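Asks: Please find one structure pasted underneath; my questions will follow.
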Amino acid sequence: MQGFPRVLARGLLAAALLGGMSQMASAEMVLNVGNGPEPETLDIQKSSGVSEANIQNDLFEGLLTNDARSQPVPGAAGSWTVSDDGRTYTFKLRADGKWSDGTPVTAGDFVFAWKRLLDPKTASPYAYFIDQVVNAKDIRLGNKPADTLGVKAVDDRTLEVTLVGPTPYFLSTLTHHATFPLSRANVEKFGDDYVKAGNLVSNGAYKLAETVPQSHVRLVKNSEFHDAANVKIDTVTFFVTEDVDAELQRFKTGELDYTYTLPGQQIPELKQTMADQVRIAPYIGTYYYTINTTHEPWKSHPELRRALSLAIDREVLVSKITQGEELPAYTFVPPGMSNFAAWTPKEAQETQAERDAEAKELLAKAGFGPDKPLTVEIVYNTSESHKKIAVAIGAMWKQKLGIDTKLTNVEWGTMQNGLRKKEYKDVGRTSWIGDFDDPSNFLDLFRSTSGEQNYSGYASAAYDKLMDEAAAEADLAKRGQILAKAEQTMLADQPIIPIYVYTSKRMLSTKVTGWQDNVLDNHLSRWLSVER
């Protein structure tokens, strides 16, 4: 009997402790995100998709970063200066900048990372991204050694970057994951396995806790981050949500705080029933089909490539299938981009009947028709939306041109690899989302030296010359005119088929605060909070 009060006291103490732990657990702020396809890789220099970038932007911080409105602001660099000729940038790194293992972020880490980006062995799809840096292009093409790169660690906190010429958009490029730093010690210790949970050292607001293939990637708050005191969300889980209908259902049941996208056919109803949670906003991105110009018959028949483009009724696609306020696209550079002389192609001013008539003439000119039928394979990554678009386009080609279409569905990583290596036979679905507000970010893709990101294999000396002229032109108005001429040259050759200009389409819980719609659709978790 004497032992009972002692046992009771212990029980009460345990209950109090459990209650305290419960309160602590409930205080943890968690964000659950629908993130589209399975991430191809978390290696900042080997990935190219949006789903990977969403995670990498939380894990790492470049010299500059994006604020909630996706405007460039100081990141790992607290300040910088620019020489009078606009060619030399000197960045001062933050004194409190640390990796998640507590070691300092140094200028040498940036030098190491940028040299790795350019190393042909890395095979980075974004290696061309810093071509404006002295000798970068020659290094990635194997013509010069890495030590000639115009990037120097003056000391641990001072990074000097020298450009081949004035580049008005250079600072904006430094928010892109390809330009982020890497802990040299960490990468040299683990090699390519540095991206695994337990190995990865990051300098952003979060660190990697867990990766489960075909399920999720979980991040936790990085206590070493220089602005950790103002990061409200403790845990961010990025869920693989390739099935957009299933993703929407998970949002409705409260499993997700925001979605990657929306199923087009459900948007009209959602606007009626859940209007306060539907977010549709302008987005500088172009949905397009790439044509493999390294394969026949596409290699020798630009008129055949153009016939495919003209026969697509873009107005029907955006009004009946995507239904997300997208704009039909007849050019690759989205409307409204800065420093660009916007132009309108002839076909954009014609009726669909007129476009169809020209398509039939071009098909016959290329030697195809009833006596020589054509079958086209469309490769697309797993998504009901991509499938519906491919089915619709295939039906248009069949009805108007007598072309049979084979639809091939593959996983995201498989499709990306096939596009880069030009292993697809005919046509591949893809898109380009702007990394910064400058037309060069779109048009540089089609340089003959752009590498694997040039999915069509397009190569034109005339186009390359115009892009070089634009790069050397300091007058922004004149530069914009040259870039417009370059796009006209490329689209006259039709290595791609622009289909529509994106809008960002999401469901966003009313519990999420701090969200700002922006044309880059960039939303770092450090700027958000969740009220449960």
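Going through the structure tokens in order, the chains are called A, B, and so on, while each chain numbers its residues from 1 and the ligands are numbered from 1 in the order shown.
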Just want the 7 Å neighbourhood of segment 506-508 of chain A, counted on only C-alpha atoms, with same-chain residues fewer than 4 positions away dropped. Output as a list in words.

Replies: Asp257, Tyr258, Thr259, Tyr260, Thr261, Leu262, Gln277, Val278, Arg279 and Ile280 of chain A

Asks: Where in segment 154-385 of chain A does DSSP assign strand (DSSP E or B), given as a PyMOL selection string?

Replies: chain A and resi 154-155+158-163+206-212+216-221+235-239+258+278-291+327-328+369+372+375-381

Asks: Between A:Pro370, A:Gly434, A:Gly34, A:Gly78, which is the closest to Asp521 of chain A once you count only C-alpha atoms?

Replies: A:Gly434

Asks: Can you list, as a list in words, every protein, DNA or RNA residue that comes within 6 Å of Ser456 of chain A when you count only C-alpha atoms, leaving out same-chain residues fewer than 3 positions away?

Replies: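 Everything that qualifies: Thr290, Ile291, Asn292, Thr293 and Pro495 of chain A.
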
Asks: Could you dump the residues just selected with N, CA, C and O atoms as an mmCIF file, in the first residue's frame?

Replies:
data_model
loop_
_atom_site.group_PDB
_atom_site.id
_atom_site.type_symbol
_atom_site.label_atom_id
_atom_site.label_comp_id
_atom_site.auth_asym_id
_atom_site.auth_seq_id
_atom_site.Cartn_x
_atom_site.Cartn_y
_atom_site.Cartn_z
ATOM 1 N N THR A 290 9.250 18.293 -79.271
ATOM 2 C CA THR A 290 10.539 18.367 -79.959
ATOM 3 C C THR A 290 10.581 17.296 -81.035
ATOM 4 O O THR A 290 10.067 16.182 -80.844
ATOM 5 N N ILE A 291 11.176 17.620 -82.175
ATOM 6 C CA ILE A 291 11.285 16.690 -83.301
ATOM 7 C C ILE A 291 12.748 16.291 -83.459
ATOM 8 O O ILE A 291 13.631 17.152 -83.467
ATOM 9 N N ASN A 292 13.011 15.015 -83.583
ATOM 10 C CA ASN A 292 14.390 14.539 -83.671
ATOM 11 C C ASN A 292 14.939 14.782 -85.077
ATOM 12 O O ASN A 292 14.755 13.971 -85.989
ATOM 13 N N THR A 293 15.632 15.905 -85.235
ATOM 14 C CA THR A 293 16.161 16.266 -86.554
ATOM 15 C C THR A 293 17.438 15.503 -86.908
ATOM 16 O O THR A 293 18.004 15.718 -87.973
ATOM 17 N N PRO A 495 12.391 22.882 -85.738
ATOM 18 C CA PRO A 495 12.868 21.700 -85.012
ATOM 19 C C PRO A 495 11.980 21.351 -83.829
ATOM 20 O O PRO A 495 12.103 20.273 -83.242
#

Asks: With only C-alpha atoms counted and 12 Å as the cut-off, give the residues of segment 389-451 of chain A in contact with segment 38-50 of chain A, each with its shortest interatomic distance in Å and the pair that gives it, as a tab-separated table.

Replies:
residue	atom	partner	partner_atom	distance
A:Glu411	CA	A:Glu38	CA	8.3
A:Trp412	CA	A:Glu38	CA	7.0
A:Gly413	CA	A:Glu40	CA	5.1
A:Thr414	CA	A:Glu40	CA	8.8
A:Met415	CA	A:Glu40	CA	10.3
A:Gln416	CA	A:Ser48	CA	8.5
A:Asn417	CA	A:Glu40	CA	9.6
A:Leu419	CA	A:Ser48	CA	11.8
A:Arg420	CA	A:Ser48	CA	10.6
A:Thr430	CA	A:Gly49	CA	10.3
A:Ser431	CA	A:Gly49	CA	9.6
A:Trp432	CA	A:Gly49	CA	9.3
A:Ile433	CA	A:Val50	CA	8.1
A:Gly434	CA	A:Val50	CA	10.5
A:Asp435	CA	A:Val50	CA	10.3

Asks: Export, as a CSV table (one decimal), in the first residue's frame, the selected residues with N, CA and C atoms.

Replies:
chain,number,residue,atom,x,y,z
A,411,GLU,N,8.4,6.7,-68.0
A,411,GLU,CA,8.6,7.4,-66.7
A,411,GLU,C,9.5,8.7,-67.0
A,412,TRP,N,9.4,9.6,-66.1
A,412,TRP,CA,10.0,10.9,-66.3
A,412,TRP,C,11.5,10.8,-66.6
A,413,GLY,N,12.3,10.0,-65.7
A,413,GLY,CA,13.7,9.9,-65.9
A,413,GLY,C,14.1,9.2,-67.2
A,414,THR,N,13.3,8.2,-67.6
A,414,THR,CA,13.5,7.5,-68.8
A,414,THR,C,13.3,8.4,-70.0
A,415,MET,N,12.3,9.2,-70.0
A,415,MET,CA,12.0,10.1,-71.1
A,415,MET,C,13.1,11.2,-71.2
A,416,GLN,N,13.5,11.8,-70.0
A,416,GLN,CA,14.6,12.8,-70.1
A,416,GLN,C,15.9,12.2,-70.7
A,417,ASN,N,16.2,11.0,-70.3
A,417,ASN,CA,17.4,10.4,-70.8
A,417,ASN,C,17.3,10.2,-72.3
A,419,LEU,N,15.5,11.8,-74.5
A,419,LEU,CA,15.5,13.1,-75.2
A,419,LEU,C,16.9,13.6,-75.3
A,420,ARG,N,17.6,13.5,-74.2
A,420,ARG,CA,19.0,14.1,-74.2
A,420,ARG,C,19.9,13.3,-75.2
A,430,THR,N,7.8,17.7,-74.2
A,430,THR,CA,8.7,18.3,-73.2
A,430,THR,C,8.2,19.8,-73.0
A,431,SER,N,8.9,20.5,-72.2
A,431,SER,CA,8.6,21.9,-71.9
A,431,SER,C,9.8,22.6,-71.4
A,432,TRP,N,9.7,23.9,-71.4
A,432,TRP,CA,10.8,24.7,-70.9
A,432,TRP,C,10.2,25.8,-70.0
A,433,ILE,N,10.7,25.8,-68.8
A,433,ILE,CA,10.2,26.7,-67.8
A,433,ILE,C,11.3,27.8,-67.6
A,434,GLY,N,11.0,29.0,-67.7
A,434,GLY,CA,12.0,30.1,-67.5
A,434,GLY,C,12.7,30.0,-66.2
A,435,ASP,N,14.0,30.1,-66.2
A,435,ASP,CA,14.8,30.2,-65.0
A,435,ASP,C,15.0,31.6,-64.6

Asks: I'd like the contact shell of Ile378 of chain A - 8 Å cut-off, only C-alpha atoms, skipping same-chain residues fewer than 5 positions apart - returned as a PDB file with C-alpha atoms, in the first residue's frame.

Replies:
ATOM      1  CA  ALA A 390      -1.049  13.363 -77.295  1.00  0.00           C
ATOM      2  CA  THR A 405       0.269   7.959 -84.400  1.00  0.00           C
ATOM      3  CA  LYS A 406       1.877   5.606 -81.906  1.00  0.00           C
ATOM      4  CA  LEU A 407       1.765   6.822 -78.297  1.00  0.00           C
ATOM      5  CA  THR A 408       4.567   5.719 -75.978  1.00  0.00           C
ATOM      6  CA  ASP A 426      10.127  10.997 -83.986  1.00  0.00           C
ATOM      7  CA  VAL A 427       8.487  13.374 -81.524  1.00  0.00           C
ATOM      8  CA  GLY A 428       8.879  13.885 -77.776  1.00  0.00           C
ATOM      9  CA  ARG A 429       6.776  15.838 -75.298  1.00  0.00           C
TER      10      ARG A 429
END

Asks: Tell me which protein, DNA and RNA residues are within 8 Å of segment 222-224 of chain A, counting only C-alpha atoms, leaving out same-chain ones fewer than 6 positions away, and put them as a ChimeraX atom specification.

Replies: /A:98-102,203-207

Asks: Could you save the residues just selected, with C-alpha atoms, as a PDB file, in the first residue's frame?

Replies:
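Saved the output as result.pdb:
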ATOM      1  CA  LYS A  98      27.640  27.308 -43.088  1.00  0.00           C
ATOM      2  CA  TRP A  99      27.032  23.862 -44.460  1.00  0.00           C
ATOM      3  CA  SER A 100      24.605  21.665 -42.568  1.00  0.00           C
ATOM      4  CA  ASP A 101      27.570  19.880 -40.960  1.00  0.00           C
ATOM      5  CA  GLY A 102      28.681  23.192 -39.400  1.00  0.00           C
ATOM      6  CA  ASN A 203      23.716  25.149 -47.222  1.00  0.00           C
ATOM      7  CA  GLY A 204      20.043  26.056 -47.651  1.00  0.00           C
ATOM      8  CA  ALA A 205      17.173  26.358 -45.211  1.00  0.00           C
ATOM      9  CA  TYR A 206      16.720  22.578 -45.090  1.00  0.00           C
ATOM     10  CA  LYS A 207      18.715  19.368 -45.055  1.00  0.00           C
TER      11      LYS A 207
END

Asks: Could you give me, as JSON lines, a per-residue list for segment 371-441 of chain A showing, wherever an atom lies at most 10 Å from an atom of segment 149-172 of chain A, the closest pair of atoms and their distance in Å to one decimal, using only C-alpha atoms and sorting by chain then residue number from low to high?

Replies:
{"residue": "A:Asp435", "atom": "CA", "partner": "A:Ser172", "partner_atom": "CA", "distance": 8.2}
{"residue": "A:Phe436", "atom": "CA", "partner": "A:Ser172", "partner_atom": "CA", "distance": 5.9}
{"residue": "A:Asp437", "atom": "CA", "partner": "A:Ser172", "partner_atom": "CA", "distance": 7.9}
{"residue": "A:Asp438", "atom": "CA", "partner": "A:Tyr169", "partner_atom": "CA", "distance": 6.9}
{"residue": "A:Ser440", "atom": "CA", "partner": "A:Tyr169", "partner_atom": "CA", "distance": 9.2}
{"residue": "A:Asn441", "atom": "CA", "partner": "A:Tyr169", "partner_atom": "CA", "distance": 9.5}

Asks: Report, in Å to a single decimal, how far apart atom CA of Trp343 of chain A and atom CA of Asp475 of chain A are.

Replies: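 These two atoms are separated by 19.0 Å.
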
Asks: How would you write, as a VMD selection string, the set of residues in segment 87-319 of chain A that DSSP gives as alpha helix (DSSP H)?

Replies: chain A and resid 107 to 118 136 to 140 170 to 173 184 to 190 244 to 252 267 to 273 302 to 310 314 to 316

Asks: Write to file, as a PDB file, in the first residue's frame, the residues of the selection just made, with C-alpha atoms.

Replies:
ATOM      1  CA  ALA A 107      34.471  30.786 -52.149  1.00  0.00           C
ATOM      2  CA  GLY A 108      36.458  27.649 -52.947  1.00  0.00           C
ATOM      3  CA  ASP A 109      33.233  25.625 -52.726  1.00  0.00           C
ATOM      4  CA  PHE A 110      31.765  27.715 -55.540  1.00  0.00           C
ATOM      5  CA  VAL A 111      34.910  27.366 -57.657  1.00  0.00           C
ATOM      6  CA  PHE A 112      34.850  23.595 -57.115  1.00  0.00           C
ATOM      7  CA  ALA A 113      31.150  23.344 -57.980  1.00  0.00           C
ATOM      8  CA  TRP A 114      31.384  25.423 -61.152  1.00  0.00           C
ATOM      9  CA  LYS A 115      34.362  23.433 -62.406  1.00  0.00           C
ATOM     10  CA  ARG A 116      32.444  20.222 -61.728  1.00  0.00           C
ATOM     11  CA  LEU A 117      29.470  21.678 -63.635  1.00  0.00           C
ATOM     12  CA  LEU A 118      31.662  22.215 -66.697  1.00  0.00           C
ATOM     13  CA  ALA A 136      33.529  28.280 -69.568  1.00  0.00           C
ATOM     14  CA  LYS A 137      32.354  27.236 -73.023  1.00  0.00           C
ATOM     15  CA  ASP A 138      35.813  26.006 -74.091  1.00  0.00           C
ATOM     16  CA  ILE A 139      36.177  24.051 -70.831  1.00  0.00           C
ATOM     17  CA  ARG A 140      32.865  22.203 -71.175  1.00  0.00           C
ATOM     18  CA  PHE A 170      23.904  37.443 -65.057  1.00  0.00           C
ATOM     19  CA  LEU A 171      22.812  37.990 -61.453  1.00  0.00           C
ATOM     20  CA  SER A 172      19.434  36.381 -62.181  1.00  0.00           C
ATOM     21  CA  THR A 173      21.144  33.188 -63.361  1.00  0.00           C
ATOM     22  CA  ARG A 184      34.168  20.014 -51.832  1.00  0.00           C
ATOM     23  CA  ALA A 185      35.105  17.876 -48.824  1.00  0.00           C
ATOM     24  CA  ASN A 186      31.731  16.150 -48.889  1.00  0.00           C
ATOM     25  CA  VAL A 187      31.687  15.420 -52.633  1.00  0.00           C
ATOM     26  CA  GLU A 188      35.268  14.165 -52.594  1.00  0.00           C
ATOM     27  CA  LYS A 189      34.383  11.872 -49.677  1.00  0.00           C
ATOM     28  CA  PHE A 190      31.243  10.320 -51.198  1.00  0.00           C
ATOM     29  CA  VAL A 244      -2.989  14.307 -61.126  1.00  0.00           C
ATOM     30  CA  ASP A 245      -6.469  13.026 -60.302  1.00  0.00           C
ATOM     31  CA  ALA A 246      -5.130  11.060 -57.323  1.00  0.00           C
ATOM     32  CA  GLU A 247      -3.108  14.119 -56.280  1.00  0.00           C
ATOM     33  CA  LEU A 248      -6.249  16.245 -56.246  1.00  0.00           C
ATOM     34  CA  GLN A 249      -8.016  13.665 -54.107  1.00  0.00           C
ATOM     35  CA  ARG A 250      -5.117  13.646 -51.633  1.00  0.00           C
ATOM     36  CA  PHE A 251      -5.429  17.420 -51.393  1.00  0.00           C
ATOM     37  CA  LYS A 252      -9.158  17.193 -50.739  1.00  0.00           C
ATOM     38  CA  ILE A 267     -10.779  23.037 -63.236  1.00  0.00           C
ATOM     39  CA  PRO A 268     -14.212  24.502 -64.152  1.00  0.00           C
ATOM     40  CA  GLU A 269     -15.890  22.625 -61.279  1.00  0.00           C
ATOM     41  CA  LEU A 270     -13.095  23.450 -58.830  1.00  0.00           C
ATOM     42  CA  LYS A 271     -13.523  27.142 -59.619  1.00  0.00           C
ATOM     43  CA  GLN A 272     -17.143  26.778 -58.568  1.00  0.00           C
ATOM     44  CA  THR A 273     -16.759  24.585 -55.480  1.00  0.00           C
ATOM     45  CA  PRO A 302      11.703  20.828 -92.684  1.00  0.00           C
ATOM     46  CA  GLU A 303       8.434  21.153 -94.620  1.00  0.00           C
ATOM     47  CA  LEU A 304       7.251  17.896 -93.027  1.00  0.00           C
ATOM     48  CA  ARG A 305       8.111  19.237 -89.566  1.00  0.00           C
ATOM     49  CA  ARG A 306       6.142  22.374 -90.335  1.00  0.00           C
ATOM     50  CA  ALA A 307       3.157  20.352 -91.568  1.00  0.00           C
ATOM     51  CA  LEU A 308       2.904  18.639 -88.182  1.00  0.00           C
ATOM     52  CA  SER A 309       2.938  21.989 -86.408  1.00  0.00           C
ATOM     53  CA  LEU A 310       0.327  23.650 -88.614  1.00  0.00           C
ATOM     54  CA  ARG A 314      -3.960  24.825 -80.308  1.00  0.00           C
ATOM     55  CA  GLU A 315      -7.136  26.728 -79.521  1.00  0.00           C
ATOM     56  CA  VAL A 316      -9.019  23.438 -79.144  1.00  0.00           C
TER      57      VAL A 316
END

Asks: Report, in Å with one decimal, the straight-line distance from atom CA of His295 of chain A to atom CA of Thr449 of chain A.

Replies: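 Separating atom CA of His295 of chain A from atom CA of Thr449 of chain A is a distance of 18.6 Å.
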
Asks: I'd like the interatomic distance between atom CA of Lys360 of chain A and atom CA of Phe446 of chain A, to a tenth of an Å.

Replies: 27.3 Å

Asks: So that I can check the surroundings of Asp517 of chain A, please list as a JSON list (two decimals) with C-alpha atoms, in the first residue's frame every protein, DNA and RNA residue that reaches within 9 Å of it, counting only C-alpha atoms and ignoring chain neighbours fewer than 5 positions away.

Replies:
[["chain", "number", "residue", "atom", "x", "y", "z"],
["A", 68, "ALA", "CA", 8.71, 35.06, -52.05],
["A", 69, "ARG", "CA", 7.91, 36.94, -55.28],
["A", 70, "SER", "CA", 10.81, 35.18, -57.03],
["A", 279, "ARG", "CA", -4.48, 29.24, -57.80],
["A", 280, "ILE", "CA", -4.02, 29.94, -61.52],
["A", 281, "ALA", "CA", -1.37, 32.50, -62.45],
["A", 282, "PRO", "CA", 0.82, 33.59, -65.40],
["A", 504, "SER", "CA", 0.73, 27.69, -63.00],
["A", 522, "ASN", "CA", 9.00, 29.51, -57.47],
["A", 523, "HIS", "CA", 7.97, 28.99, -53.83]]

Asks: For Phe239 of chain A, which residue out of A:Ile496, A:Val134, A:Val530, A:Leu31 is the nearest one, using only C-alpha atoms?

Replies: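 Using only C-alpha atoms, the shortest distance to Phe239 of chain A belongs to A:Leu31.
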
Asks: Which residues, written as a ChimeraX atom specification, have at least one atom at most 12 Å from Ala342 of chain A, with only C-alpha atoms counted and residues fewer than 6 positions away on the same chain left out?

Replies: /A:330-336,439,477,480-488

Asks: Any chance you could export the current selection's N, CA and C atoms as a short mmCIF file (atom, residue, chain, number, x, y, z; two decimals), in the first residue's frame?

Replies:
data_model
loop_
_atom_site.label_atom_id
_atom_site.label_comp_id
_atom_site.auth_asym_id
_atom_site.auth_seq_id
_atom_site.Cartn_x
_atom_site.Cartn_y
_atom_site.Cartn_z
N TYR A 330 2.63 29.94 -80.70
CA TYR A 330 3.18 29.81 -82.05
C TYR A 330 4.65 30.23 -82.07
N THR A 331 5.12 30.75 -80.94
CA THR A 331 6.53 31.06 -80.77
C THR A 331 7.01 30.34 -79.51
N PHE A 332 8.32 30.30 -79.33
CA PHE A 332 8.87 29.59 -78.18
C PHE A 332 9.04 30.51 -76.98
N VAL A 333 9.49 31.73 -77.21
CA VAL A 333 9.64 32.70 -76.12
C VAL A 333 8.25 33.17 -75.70
N PRO A 334 7.90 33.02 -74.42
CA PRO A 334 6.57 33.43 -73.96
C PRO A 334 6.36 34.93 -74.09
N PRO A 335 5.13 35.38 -74.24
CA PRO A 335 4.86 36.82 -74.32
C PRO A 335 5.19 37.51 -73.01
N GLY A 336 5.60 38.76 -73.12
CA GLY A 336 5.83 39.57 -71.93
C GLY A 336 7.22 39.49 -71.35
N PRO A 439 14.96 36.41 -72.66
CA PRO A 439 14.71 35.47 -73.76
C PRO A 439 15.88 34.53 -74.05
N ALA A 477 17.81 47.15 -76.45
CA ALA A 477 16.79 47.20 -77.50
C ALA A 477 17.28 46.50 -78.76
N GLY A 480 17.41 42.80 -78.21
CA GLY A 480 16.10 42.19 -78.30
C GLY A 480 15.66 41.93 -79.72
N GLN A 481 16.02 42.84 -80.63
CA GLN A 481 15.69 42.68 -82.04
C GLN A 481 16.46 41.51 -82.66
N ILE A 482 17.73 41.38 -82.27
CA ILE A 482 18.55 40.28 -82.79
C ILE A 482 18.01 38.94 -82.29
N LEU A 483 17.63 38.90 -81.02
CA LEU A 483 17.09 37.66 -80.47
C LEU A 483 15.78 37.27 -81.15
N ALA A 484 14.96 38.26 -81.48
CA ALA A 484 13.71 37.97 -82.19
C ALA A 484 14.00 37.39 -83.57
N LYS A 485 15.01 37.94 -84.23
CA LYS A 485 15.40 37.42 -85.55
C LYS A 485 15.92 35.99 -85.43
N ALA A 486 16.64 35.73 -84.35
CA ALA A 486 17.14 34.37 -84.12
C ALA A 486 15.99 33.39 -83.95
N GLU A 487 14.96 33.79 -83.16
CA GLU A 487 13.82 32.89 -82.98
C GLU A 487 13.09 32.68 -84.30
N GLN A 488 12.96 33.70 -85.10
CA GLN A 488 12.32 33.56 -86.40
C GLN A 488 13.08 32.57 -87.28
#

Asks: A:Ser385, A:Thr179, A:Thr375, A:Ser450: which is nearest Gln56 of chain A, counting only C-alpha atoms?

Replies: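 Result for the nearest residue to Gln56 of chain A: A:Thr179.
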